[in-house]
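> What follows is final.txt, made up of compact mmCIF, C-alpha atoms:
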# COMPACT_ATOMS: atom_id res chain seq x y z
CA MET I 12 -59.08 -28.99 -191.92
CA HIS I 13 -55.75 -30.15 -193.33
CA PHE I 14 -53.66 -32.50 -191.21
CA PRO I 15 -51.17 -32.11 -189.67
CA VAL I 16 -52.13 -28.56 -188.67
CA GLN I 17 -49.38 -25.95 -188.92
CA ILE I 18 -49.63 -22.45 -187.47
CA GLY I 19 -47.99 -19.72 -189.51
CA VAL I 20 -45.77 -17.21 -187.72
CA GLY I 21 -44.45 -14.72 -190.26
CA ASN I 22 -42.36 -16.66 -192.76
CA PHE I 23 -42.22 -19.66 -190.46
CA SER I 24 -44.70 -22.28 -189.38
CA ILE I 25 -44.89 -24.28 -186.18
CA SER I 26 -46.61 -27.57 -185.48
CA ALA I 27 -49.89 -27.08 -183.62
CA HIS I 28 -49.11 -30.32 -181.80
CA LEU I 29 -45.78 -29.03 -180.52
CA LEU I 30 -47.39 -25.75 -179.50
CA CYS I 31 -50.14 -27.55 -177.57
CA GLU I 32 -47.64 -29.88 -175.86
CA THR I 33 -45.61 -26.90 -174.66
CA LEU I 34 -48.74 -25.02 -173.61
CA ALA I 35 -50.01 -28.09 -171.73
CA MET I 36 -46.86 -28.28 -169.60
CA VAL I 37 -46.78 -24.53 -168.89
CA VAL I 38 -50.49 -24.18 -168.10
CA GLY I 39 -50.58 -27.39 -166.06
CA PHE I 40 -47.63 -26.36 -163.91
CA ARG I 41 -48.92 -22.82 -163.40
CA TYR I 42 -52.32 -24.20 -162.40
CA PHE I 43 -50.60 -26.52 -159.90
CA LEU I 44 -48.77 -23.55 -158.33
CA TYR I 45 -52.02 -21.56 -158.22
CA LEU I 46 -53.87 -24.37 -156.43
CA ARG I 47 -51.02 -24.91 -153.98
CA LYS I 48 -51.18 -21.27 -152.91
CA ARG I 49 -54.95 -21.43 -152.39
CA GLN I 50 -55.17 -24.60 -150.31
CA PRO I 51 -53.13 -26.12 -147.46
CA ASP I 52 -50.38 -28.54 -148.43
CA ALA I 53 -49.38 -31.04 -145.75
CA ILE I 54 -46.12 -31.70 -147.61
CA SER I 55 -43.20 -29.35 -146.95
CA ASP I 56 -41.69 -27.22 -149.72
CA SER I 57 -38.45 -29.23 -149.87
CA ASN I 58 -40.25 -32.58 -149.99
CA ARG I 59 -42.68 -31.26 -152.60
CA VAL I 60 -39.75 -30.25 -154.81
CA TRP I 61 -38.27 -33.77 -154.60
CA ILE I 62 -41.68 -35.25 -155.38
CA LEU I 63 -41.96 -32.98 -158.44
CA ILE I 64 -38.49 -34.06 -159.61
CA GLY I 65 -39.44 -37.71 -159.12
CA ALA I 66 -42.72 -37.26 -160.98
CA ALA I 67 -41.01 -35.48 -163.89
CA PHE I 68 -38.29 -38.13 -164.21
CA GLY I 69 -40.72 -41.04 -163.97
CA ALA I 70 -43.15 -39.50 -166.43
CA PHE I 71 -40.37 -38.69 -168.94
CA PHE I 72 -38.68 -42.09 -168.82
CA PHE I 73 -41.66 -44.41 -168.59
CA SER I 74 -43.79 -42.50 -171.12
CA ARG I 75 -41.07 -43.18 -173.67
CA LEU I 76 -40.41 -46.73 -172.51
CA LEU I 77 -44.06 -47.71 -172.91
CA GLY I 78 -44.33 -45.65 -176.10
CA SER I 79 -41.41 -47.60 -177.58
CA LEU I 80 -42.94 -50.92 -176.54
CA GLU I 81 -46.31 -50.02 -178.05
CA HIS I 82 -44.88 -51.33 -181.33
CA PRO I 83 -41.98 -53.55 -180.24
CA GLU I 84 -41.37 -54.81 -183.79
CA LEU I 85 -40.68 -51.24 -184.96
CA PHE I 86 -38.46 -50.55 -181.98
CA ILE I 87 -36.40 -53.69 -182.65
CA ALA I 88 -36.10 -52.85 -186.35
CA SER I 89 -35.20 -49.20 -185.74
CA PRO I 90 -31.63 -48.34 -186.81
CA ASN I 91 -31.44 -45.68 -184.10
CA LYS I 92 -33.13 -47.11 -181.03
CA LEU I 93 -32.27 -44.14 -178.81
CA LEU I 94 -33.96 -41.74 -181.22
CA TYR I 95 -36.97 -44.05 -181.51
CA PHE I 96 -37.14 -44.27 -177.71
CA TYR I 97 -37.09 -40.48 -177.35
CA ALA I 98 -39.60 -39.80 -180.14
CA ASN I 99 -42.31 -42.21 -178.96
CA LYS I 100 -44.27 -41.53 -175.80
CA THR I 101 -47.65 -42.22 -174.23
CA ILE I 102 -49.55 -40.57 -171.40
CA ILE I 103 -50.30 -43.93 -169.75
CA GLY I 104 -46.59 -44.58 -169.33
CA GLY I 105 -46.15 -41.05 -167.99
CA LEU I 106 -48.90 -41.43 -165.41
CA LEU I 107 -47.88 -44.87 -164.19
CA GLY I 108 -44.17 -44.07 -164.31
CA GLY I 109 -44.70 -40.83 -162.41
CA LEU I 110 -46.76 -42.71 -159.84
CA LEU I 111 -44.01 -45.31 -159.36
CA THR I 112 -41.17 -42.83 -158.90
CA VAL I 113 -43.22 -40.54 -156.64
CA GLU I 114 -44.05 -43.47 -154.36
CA LEU I 115 -40.36 -44.38 -154.19
CA VAL I 116 -39.41 -40.77 -153.39
CA LYS I 117 -42.12 -40.52 -150.72
CA LYS I 118 -40.93 -43.76 -149.13
CA ARG I 119 -37.38 -42.42 -149.05
CA LEU I 120 -38.55 -39.11 -147.52
CA GLN I 121 -40.99 -40.90 -145.19
CA VAL I 122 -43.89 -38.81 -146.50
CA THR I 123 -47.24 -40.40 -145.62
CA HIS I 124 -49.66 -37.75 -146.89
CA SER I 125 -51.11 -37.98 -150.39
CA SER I 126 -49.15 -35.99 -152.95
CA GLY I 127 -51.42 -36.72 -155.92
CA ASP I 128 -54.55 -34.79 -154.97
CA LEU I 129 -52.90 -31.47 -155.77
CA PHE I 130 -51.82 -32.74 -159.20
CA THR I 131 -55.23 -34.03 -160.30
CA PHE I 132 -56.90 -30.99 -161.85
CA PRO I 133 -53.66 -29.60 -163.36
CA LEU I 134 -53.14 -33.01 -164.97
CA ILE I 135 -56.66 -33.01 -166.41
CA VAL I 136 -56.21 -29.52 -167.86
CA ALA I 137 -52.78 -30.38 -169.30
CA MET I 138 -54.07 -33.62 -170.82
CA ILE I 139 -56.98 -31.84 -172.50
CA ILE I 140 -54.64 -29.29 -174.08
CA GLY I 141 -52.27 -32.08 -175.10
CA ARG I 142 -55.08 -34.07 -176.72
CA ILE I 143 -56.12 -31.02 -178.72
CA GLY I 144 -52.58 -31.08 -180.08
CA CYS I 145 -52.82 -34.81 -180.83
CA PHE I 146 -56.04 -34.21 -182.77
CA THR I 147 -54.29 -31.66 -185.00
CA THR I 148 -51.88 -34.37 -186.23
CA GLY I 149 -54.68 -36.48 -187.75
CA VAL I 150 -53.34 -39.84 -188.90
CA TYR I 151 -49.75 -38.59 -188.86
CA GLU I 152 -49.39 -39.66 -185.24
CA GLU I 153 -50.82 -42.85 -183.78
CA THR I 154 -53.61 -41.20 -181.80
CA TYR I 155 -56.38 -41.91 -184.31
CA GLY I 156 -59.09 -44.55 -184.29
CA GLU I 157 -60.26 -47.44 -186.40
CA PRO I 158 -62.47 -46.80 -189.46
CA THR I 159 -66.14 -46.36 -188.60
CA THR I 160 -69.49 -45.82 -190.30
CA SER I 161 -70.94 -44.07 -187.24
CA ILE I 162 -72.02 -40.42 -187.22
CA PHE I 163 -68.85 -39.61 -185.27
CA GLY I 164 -66.54 -40.66 -188.10
CA MET I 165 -64.07 -38.02 -189.31
CA ASP I 166 -61.56 -37.84 -192.15
CA LEU I 167 -58.29 -37.31 -190.29
CA GLY I 168 -56.13 -36.95 -193.36
CA ASP I 169 -56.23 -40.29 -195.19
CA GLY I 170 -59.69 -40.08 -196.78
CA ILE I 171 -61.15 -42.67 -194.39
CA LEU I 172 -63.82 -41.93 -191.79
CA ARG I 173 -62.30 -42.84 -188.43
CA HIS I 174 -63.15 -42.64 -184.74
CA PRO I 175 -61.72 -39.30 -183.51
CA VAL I 176 -60.48 -40.93 -180.30
CA THR I 177 -58.66 -37.80 -179.15
CA LEU I 178 -61.96 -35.91 -179.15
CA TYR I 179 -63.60 -38.78 -177.25
CA GLU I 180 -60.85 -38.47 -174.67
CA ILE I 181 -61.25 -34.71 -174.35
CA VAL I 182 -64.98 -35.16 -173.68
CA PHE I 183 -64.24 -37.87 -171.11
CA LEU I 184 -61.67 -35.71 -169.30
CA LEU I 185 -64.12 -32.81 -169.15
CA LEU I 186 -66.77 -35.11 -167.68
CA LEU I 187 -64.28 -36.66 -165.26
CA GLY I 188 -63.13 -33.24 -164.08
CA GLY I 189 -66.74 -32.16 -163.64
CA PHE I 190 -67.54 -35.34 -161.71
CA LEU I 191 -64.62 -34.80 -159.33
CA LYS I 192 -65.59 -31.14 -158.86
CA TYR I 193 -69.14 -32.20 -158.06
CA LEU I 194 -67.93 -34.72 -155.46
CA GLU I 195 -65.82 -32.05 -153.80
CA ARG I 196 -68.68 -29.55 -153.71
CA THR I 197 -71.03 -32.02 -152.04
CA HIS I 198 -68.63 -34.19 -150.01
CA THR I 199 -65.27 -34.21 -148.32
CA LEU I 200 -63.10 -36.76 -150.11
CA ARG I 201 -60.62 -38.63 -147.98
CA ASP I 202 -56.91 -37.86 -148.38
CA GLY I 203 -55.62 -39.18 -151.69
CA TYR I 204 -58.97 -40.29 -153.10
CA ARG I 205 -59.27 -37.45 -155.63
CA PHE I 206 -56.13 -38.63 -157.43
CA GLN I 207 -56.96 -42.31 -157.02
CA LEU I 208 -60.41 -41.83 -158.54
CA PHE I 209 -58.89 -39.89 -161.43
CA MET I 210 -56.30 -42.58 -162.12
CA ALA I 211 -58.67 -45.54 -161.81
CA LEU I 212 -61.39 -44.04 -164.01
CA TYR I 213 -58.94 -42.78 -166.64
CA LEU I 214 -57.16 -46.15 -166.84
CA LEU I 215 -60.53 -47.90 -167.23
CA PHE I 216 -61.50 -45.46 -169.99
CA ARG I 217 -58.23 -45.96 -171.86
CA LEU I 218 -58.49 -49.74 -171.56
CA LEU I 219 -61.83 -49.57 -173.36
CA LEU I 220 -60.91 -46.77 -175.79
CA ASP I 221 -57.90 -48.61 -177.17
CA PHE I 222 -60.13 -51.37 -178.53
CA ILE I 223 -61.08 -48.94 -181.31
CA LYS I 224 -57.50 -47.88 -182.01
CA PRO I 225 -55.24 -49.73 -184.46
CA GLY I 226 -51.90 -51.11 -183.32
CA PHE I 227 -49.83 -54.04 -182.13
CA THR I 228 -51.62 -56.54 -179.90
CA VAL I 229 -50.03 -58.73 -177.24
CA PHE I 230 -52.86 -61.26 -176.86
CA TRP I 231 -56.66 -61.41 -177.25
CA GLU I 232 -56.64 -58.15 -179.27
CA ILE I 233 -55.13 -56.38 -176.25
CA GLY I 234 -52.22 -54.00 -176.85
CA THR I 235 -49.25 -52.98 -174.75
CA ILE I 236 -50.96 -49.88 -173.39
CA GLN I 237 -54.02 -51.91 -172.43
CA VAL I 238 -51.83 -54.37 -170.53
CA SER I 239 -50.40 -51.40 -168.62
CA CYS I 240 -53.93 -50.14 -167.94
CA ILE I 241 -54.89 -53.55 -166.54
CA LEU I 242 -51.86 -53.55 -164.24
CA GLY I 243 -52.75 -50.03 -163.10
CA LEU I 244 -56.36 -51.05 -162.47
CA LEU I 245 -55.19 -54.00 -160.38
CA TYR I 246 -53.21 -51.51 -158.29
CA TYR I 247 -56.30 -49.30 -157.91
CA ARG I 248 -58.82 -52.13 -157.57
CA HIS I 249 -59.72 -51.02 -154.05
CA ILE I 250 -60.88 -47.58 -155.16
CA LEU I 251 -63.05 -49.01 -157.96
CA TRP I 252 -64.56 -51.49 -155.53
CA LYS I 253 -65.40 -48.71 -153.08
CA LEU I 254 -66.83 -46.50 -155.84
CA LEU I 255 -69.09 -49.26 -157.18
CA ILE I 256 -70.06 -51.13 -154.01
CA HIS I 257 -69.70 -48.76 -151.07
CA PRO I 258 -69.09 -45.17 -152.26
CA THR I 259 -69.77 -43.61 -148.86
CA VAL I 260 -66.39 -44.99 -147.74
CA LEU I 261 -64.73 -42.45 -150.05
CA TYR I 262 -66.02 -39.39 -148.26
CA GLU I 263 -67.92 -37.85 -145.41
CA ARG I 264 -71.01 -35.77 -146.05
CA HIS I 265 -70.85 -32.09 -145.14
Could I get this file's structure written as structure tokens?


Amino acid sequence: MHFPVQIGVGNFSISAHLLCETLAMVVGFRYFLYLRKRQPDAISDSNRVWILIGAAFGAFFFSRLLGSLEHPELFIASPNKLLYFYANKTIIGGLLGGLLTVELVKKRLQVTHSSGDLFTFPLIVAMIIGRIGCFTTGVYEETYGEPTTSIFGMDLGDGILRHPVTLYEIVFLLLLGGFLKYLERTHTLRDGYRFQLFMALYLLFRLLLDFIKPGFTVFWEIGTIQVSCILGLLYYRHILWKLLIHPTVLYERH
């Protein structure tokens, strides 16, 4: 495989990464609409629209803010900081930023029901498709891993065997989605706990995964994204505590 992967369309070619990013948004949103039709939604149509707007704005802005701060020295040195801000993004910033703005919107609308449960599986599907796109860029986008001598090492375009961290993440998301599906087949999760479990476990995974990714570190070999993961895990500490110590609190048996 030659990186970055380009898909030929007649006399033109299109980036496989761009195609996957677009497909991720379309498929994820259509899956969300499909699920909403099949299951009751305690949130009214008008409030759900405002929540979607809030989620989209928060994800767009904070994904790029955290993406720009992932390498602050490059952001500071960039001659066009607005272009650098727009071009750099990270899913952790999108998730945490979307969470923040949705909570603000819900507080304004006085919505008390969970809005995240309905987003969980569409997010997982969209993230898997997006990570396939990231994999097709090889080392030409900063979603590759450190060099390794393990059997998992792959040449991602620079002649060095590296951890294919995007593939690790795809496998984790598939397992996480399967775990959540299993819980829902055997138990009744309390309102909001599907999304909270997804967020807490994904943030924990990314905190650990980024130790085998190169990049700027803030302190103790911990990078900007890992700091954000730690802050997110502090926010979700209650759900991790319940999962590890007293999981029956999360659900009621059928």

> Near stretch 201-218 of chain I, within 7 Å and counting all atoms listed in the file, which residues show up once chain neighbours fewer than 6 positions away are dropped, as a list in words?

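Result of the neighbour search: Ser125, Gly127, Asp128, Thr131, Gln237, Cys240, Gly243, Leu244, Tyr247, Ile250, Leu251, Leu261 and Tyr262 of chain I.
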
> Take the residues from that selection and write them out as a compact mmCIF listing (two decimals), in the coordinates of the input, keeping C-alpha atoms.


# COMPACT_ATOMS: atom_id res chain seq x y z
CA SER I 125 -51.11 -37.98 -150.39
CA GLY I 127 -51.42 -36.72 -155.92
CA ASP I 128 -54.55 -34.79 -154.97
CA THR I 131 -55.23 -34.03 -160.30
CA GLN I 237 -54.02 -51.91 -172.43
CA CYS I 240 -53.93 -50.14 -167.94
CA GLY I 243 -52.75 -50.03 -163.10
CA LEU I 244 -56.36 -51.05 -162.47
CA TYR I 247 -56.30 -49.30 -157.91
CA ILE I 250 -60.88 -47.58 -155.16
CA LEU I 251 -63.05 -49.01 -157.96
CA LEU I 261 -64.73 -42.45 -150.05
CA TYR I 262 -66.02 -39.39 -148.26

> Using all atoms listed in the file, which residue out of I:Leu129, I:Leu134, I:Val122, I:Ala67 lies closest to I:Gln50?

I:Leu129

> For I:Thr148, which residue out of I:Leu167, I:Leu46, I:Leu93, I:Ala53 is the nearest one, using all atoms listed in the file?

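Checking each of I:Leu167, I:Leu46, I:Leu93, I:Ala53 against I:Thr148, counting all atoms listed in the file, the winner is I:Leu167.
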
> Could you check the closest approach to I:Val16 for each of I:Leu115, I:Ile139, I:Val150, I:Leu106 and tell me which residue wins, using all atoms listed in the file?

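Looking only at the distances to I:Val16, the closest residue turns out to be I:Val150.
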
> Here is a test: counting only C-alpha atoms, which residue of I:Leu85, I:Tyr95, I:Lys192, I:Glu180 is nearest to I:Ile143?

I:Glu180

> Determine, counting only C-alpha atoms, which protein, DNA and RNA residues have an atom within 7 Å of an atom of stretch 28-30 of chain I; residues of the same chain fewer than 5 positions away are not included. Present the result as a list in words.

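After dropping sequence-adjacent residues, the list is Gly144, Cys145, Thr147 and Thr148 of chain I.
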
> Which neighbours of I:Asp56 fall inside 12 Å, counting all atoms listed in the file, when residues of the same chain fewer than 5 positions from it are skipped, and could you give them as number ranges by chain?

I: 44, 47-48, 51, 61-63, 126
